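In what follows, a single structure is set out as structure tokens and then discussed.
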Amino acid sequence: MSNNQLIIYTDGAARGNPGPGGYGTILMWGDTKKELSGGYRYTTNNRMEIMAVIAGLEALKKDNLKITIYSDSQYVVKAVQEGWLKNWIATNFKGGKKNKDLWVYYYDLAQKHQIRFVWVKGHASNPHNNRCDELATAAADGKDLLVDEEYEREVGGMRK
């Protein structure tokens, strides 16, 4: 792995979908590795998959990086790689496309970098993806969970 390439592994999880959720992210730059995770009291699996990517991008202190993001979420990978997201943005998420808040935020963050997504099979033999899954599920099962305010507002009323 060259030192000018940032590798990010991501995973999201939800207990119940919707239910308590979490994300796990690993950033790798050369020999340096950083793990991130967070949990939410009421959310969806897809929102946590996007949050895992966002968390990785938010952690960056430099712009104009070449980044490869590995995700086991076909929803996330295809949304970006197959141009769904650009279409959703162009049509203002017409037809009730979900997770507009997160996708718009991701899109803004992504403009600062050269990002390529690669789909990896989940719960398989990839140790980095498996570690992200452990981080995500531990975060979902944790205490003092954060509030996914946009999602809770969207579904009407606060959940406990």
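Residue numbers start at 1 in each chain; chains themselves are named A, B, ... in the order of the structure tokens; ligands are numbered from 1 in the order shown.
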
List the spatial neighbours of A:Asp101 as a list in words - criterion: any atom at most 10 Å away, only C-alpha atoms, same-chain residues fewer than 6 positions off excluded.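 Within the cut-off, the hits are Arg47, Glu150 and Tyr151 of chain A.
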
Print the selection's residues with C-alpha atoms to a file, as a compact mmCIF listing (two decimals), in the first residue's frame.
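Ended up saving to again_22.txt:
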# COMPACT_ATOMS: atom_id res chain seq x y z
CA ARG A 47 -28.18 5.32 7.83
CA GLU A 150 -33.18 13.83 11.51
CA TYR A 151 -34.36 10.22 11.42

request  = From a DSSP calculation on the backbone, collect every residue of chain A in strand (DSSP E or B) and output the set as a ChimeraX atom specification.
outcome  = /A:5-14,19-29,32-43,66-71,114-119,146

What would the file look like if the residues just selected were written as a PDB file, in the first residue's frame with C-alpha atoms?
ATOM      1  CA  GLN A   5      -3.478   6.315  -0.593  1.00  0.00           C
ATOM      2  CA  LEU A   6      -5.920   6.407   2.286  1.00  0.00           C
ATOM      3  CA  ILE A   7      -7.892   3.237   2.823  1.00  0.00           C
ATOM      4  CA  ILE A   8     -11.161   3.383   4.761  1.00  0.00           C
ATOM      5  CA  TYR A   9     -13.205   0.368   5.812  1.00  0.00           C
ATOM      6  CA  THR A  10     -16.763   0.976   6.995  1.00  0.00           C
ATOM      7  CA  ASP A  11     -19.765  -0.890   8.358  1.00  0.00           C
ATOM      8  CA  GLY A  12     -23.097  -0.035   9.897  1.00  0.00           C
ATOM      9  CA  ALA A  13     -25.508  -2.042  12.017  1.00  0.00           C
ATOM     10  CA  ALA A  14     -28.970  -1.689  13.498  1.00  0.00           C
ATOM     11  CA  GLY A  19     -33.697   0.281  16.326  1.00  0.00           C
ATOM     12  CA  PRO A  20     -30.474   1.034  18.150  1.00  0.00           C
ATOM     13  CA  GLY A  21     -27.678   1.354  15.605  1.00  0.00           C
ATOM     14  CA  GLY A  22     -23.977   1.895  15.281  1.00  0.00           C
ATOM     15  CA  TYR A  23     -21.164   2.360  12.829  1.00  0.00           C
ATOM     16  CA  GLY A  24     -17.558   1.246  12.695  1.00  0.00           C
ATOM     17  CA  THR A  25     -14.815   2.806  10.597  1.00  0.00           C
ATOM     18  CA  ILE A  26     -11.131   2.030  10.163  1.00  0.00           C
ATOM     19  CA  LEU A  27      -8.790   4.528   8.493  1.00  0.00           C
ATOM     20  CA  MET A  28      -5.455   3.206   7.241  1.00  0.00           C
ATOM     21  CA  TRP A  29      -2.607   5.357   5.935  1.00  0.00           C
ATOM     22  CA  THR A  32      -1.038   4.016  10.724  1.00  0.00           C
ATOM     23  CA  LYS A  33      -4.493   2.782  11.667  1.00  0.00           C
ATOM     24  CA  LYS A  34      -7.327   4.586  13.458  1.00  0.00           C
ATOM     25  CA  GLU A  35     -10.660   3.087  14.552  1.00  0.00           C
ATOM     26  CA  LEU A  36     -13.862   5.110  14.967  1.00  0.00           C
ATOM     27  CA  SER A  37     -17.333   4.114  16.119  1.00  0.00           C
ATOM     28  CA  GLY A  38     -20.548   5.630  17.382  1.00  0.00           C
ATOM     29  CA  GLY A  39     -23.979   4.458  18.442  1.00  0.00           C
ATOM     30  CA  TYR A  40     -27.480   5.872  18.022  1.00  0.00           C
ATOM     31  CA  ARG A  41     -30.601   5.039  20.006  1.00  0.00           C
ATOM     32  CA  TYR A  42     -33.020   4.765  17.057  1.00  0.00           C
ATOM     33  CA  THR A  43     -31.954   4.592  13.427  1.00  0.00           C
ATOM     34  CA  LYS A  66      -6.973   9.730  -2.898  1.00  0.00           C
ATOM     35  CA  ILE A  67      -9.272   7.486  -0.904  1.00  0.00           C
ATOM     36  CA  THR A  68     -10.541   3.964  -1.423  1.00  0.00           C
ATOM     37  CA  ILE A  69     -13.533   3.146   0.755  1.00  0.00           C
ATOM     38  CA  TYR A  70     -14.445  -0.503   1.326  1.00  0.00           C
ATOM     39  CA  SER A  71     -18.045  -1.199   2.336  1.00  0.00           C
ATOM     40  CA  GLN A 114     -10.890  11.657  -4.966  1.00  0.00           C
ATOM     41  CA  ILE A 115     -12.996   8.785  -3.663  1.00  0.00           C
ATOM     42  CA  ARG A 116     -13.480   5.314  -5.050  1.00  0.00           C
ATOM     43  CA  PHE A 117     -15.780   2.751  -3.435  1.00  0.00           C
ATOM     44  CA  VAL A 118     -15.210  -0.988  -3.449  1.00  0.00           C
ATOM     45  CA  TRP A 119     -17.841  -3.481  -2.320  1.00  0.00           C
ATOM     46  CA  LEU A 146     -26.621   9.500  20.435  1.00  0.00           C
TER      47      LEU A 146
END

Item to complete: Considering only C-alpha atoms, state which residue in the set A:Ala136, A:Val120, A:Ala110, A:Val77 is at the smallest distance from A:Met48.
Response: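 When distances to A:Met48 are compared using only C-alpha atoms, the smallest one comes from A:Ala136.
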
- Task: Go through chain A and collect every residue that DSSP, computed from the backbone, puts in alpha helix (DSSP H); the answer should be as a ChimeraX atom specification.
- Result: /A:45-58,74-81,84-90,100-110,127-140,149-155

Expected file: the selected residues, C-alpha atoms, as an mmCIF file, in the first residue's frame:
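So out23.cif came out as:
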data_model
loop_
_atom_site.group_PDB
_atom_site.id
_atom_site.type_symbol
_atom_site.label_atom_id
_atom_site.label_comp_id
_atom_site.auth_asym_id
_atom_site.auth_seq_id
_atom_site.Cartn_x
_atom_site.Cartn_y
_atom_site.Cartn_z
ATOM 1 C CA ASN A 45 -28.902 0.031 9.067
ATOM 2 C CA ASN A 46 -28.581 2.086 5.865
ATOM 3 C CA ARG A 47 -28.184 5.320 7.830
ATOM 4 C CA MET A 48 -25.400 3.727 9.865
ATOM 5 C CA GLU A 49 -23.696 2.480 6.689
ATOM 6 C CA ILE A 50 -23.600 6.085 5.411
ATOM 7 C CA MET A 51 -22.586 7.433 8.847
ATOM 8 C CA ALA A 52 -19.588 5.098 8.870
ATOM 9 C CA VAL A 53 -18.364 6.706 5.641
ATOM 10 C CA ILE A 54 -19.112 10.223 6.919
ATOM 11 C CA ALA A 55 -17.244 9.575 10.181
ATOM 12 C CA GLY A 56 -14.170 8.520 8.223
ATOM 13 C CA LEU A 57 -14.278 11.623 6.033
ATOM 14 C CA GLU A 58 -14.932 13.937 9.002
ATOM 15 C CA GLN A 74 -24.378 -2.368 -1.881
ATOM 16 C CA TYR A 75 -26.729 0.557 -1.176
ATOM 17 C CA VAL A 76 -23.788 2.849 -0.353
ATOM 18 C CA VAL A 77 -21.377 1.534 -2.986
ATOM 19 C CA LYS A 78 -23.893 1.579 -5.840
ATOM 20 C CA ALA A 79 -25.320 4.970 -4.832
ATOM 21 C CA VAL A 80 -21.910 6.523 -5.408
ATOM 22 C CA GLN A 81 -20.234 4.318 -8.028
ATOM 23 C CA TRP A 84 -27.543 7.170 -8.143
ATOM 24 C CA LEU A 85 -26.501 9.872 -5.679
ATOM 25 C CA LYS A 86 -25.780 12.457 -8.377
ATOM 26 C CA ASN A 87 -29.240 11.770 -9.822
ATOM 27 C CA TRP A 88 -30.891 12.004 -6.388
ATOM 28 C CA ILE A 89 -29.210 15.349 -5.775
ATOM 29 C CA ALA A 90 -30.100 16.639 -9.256
ATOM 30 C CA LYS A 100 -31.303 12.913 2.096
ATOM 31 C CA ASP A 101 -29.650 14.646 5.076
ATOM 32 C CA LEU A 102 -26.789 12.155 5.248
ATOM 33 C CA TRP A 103 -26.330 11.839 1.510
ATOM 34 C CA VAL A 104 -26.127 15.622 1.018
ATOM 35 C CA TYR A 105 -23.615 15.882 3.866
ATOM 36 C CA TYR A 106 -21.563 12.989 2.456
ATOM 37 C CA TYR A 107 -21.616 14.613 -0.993
ATOM 38 C CA ASP A 108 -20.293 17.897 0.406
ATOM 39 C CA LEU A 109 -17.479 16.107 2.258
ATOM 40 C CA ALA A 110 -16.635 13.978 -0.784
ATOM 41 C CA PRO A 127 -10.508 -8.964 8.746
ATOM 42 C CA HIS A 128 -10.944 -5.175 8.394
ATOM 43 C CA ASN A 129 -14.607 -5.490 7.432
ATOM 44 C CA ASN A 130 -15.157 -7.936 10.288
ATOM 45 C CA ARG A 131 -13.524 -5.496 12.724
ATOM 46 C CA CYS A 132 -15.805 -2.684 11.480
ATOM 47 C CA ASP A 133 -18.771 -4.980 12.093
ATOM 48 C CA GLU A 134 -17.546 -5.595 15.663
ATOM 49 C CA LEU A 135 -17.161 -1.836 16.221
ATOM 50 C CA ALA A 136 -20.620 -1.121 14.774
ATOM 51 C CA THR A 137 -22.467 -3.769 16.764
ATOM 52 C CA ALA A 138 -20.643 -2.870 19.997
ATOM 53 C CA ALA A 139 -21.599 0.787 19.446
ATOM 54 C CA ALA A 140 -25.247 -0.162 18.789
ATOM 55 C CA GLU A 149 -32.315 13.653 15.201
ATOM 56 C CA GLU A 150 -33.176 13.826 11.509
ATOM 57 C CA TYR A 151 -34.365 10.218 11.422
ATOM 58 C CA GLU A 152 -36.388 10.507 14.619
ATOM 59 C CA ARG A 153 -37.997 13.718 13.352
ATOM 60 C CA GLU A 154 -38.777 12.011 10.035
ATOM 61 C CA VAL A 155 -40.491 9.018 11.629
#
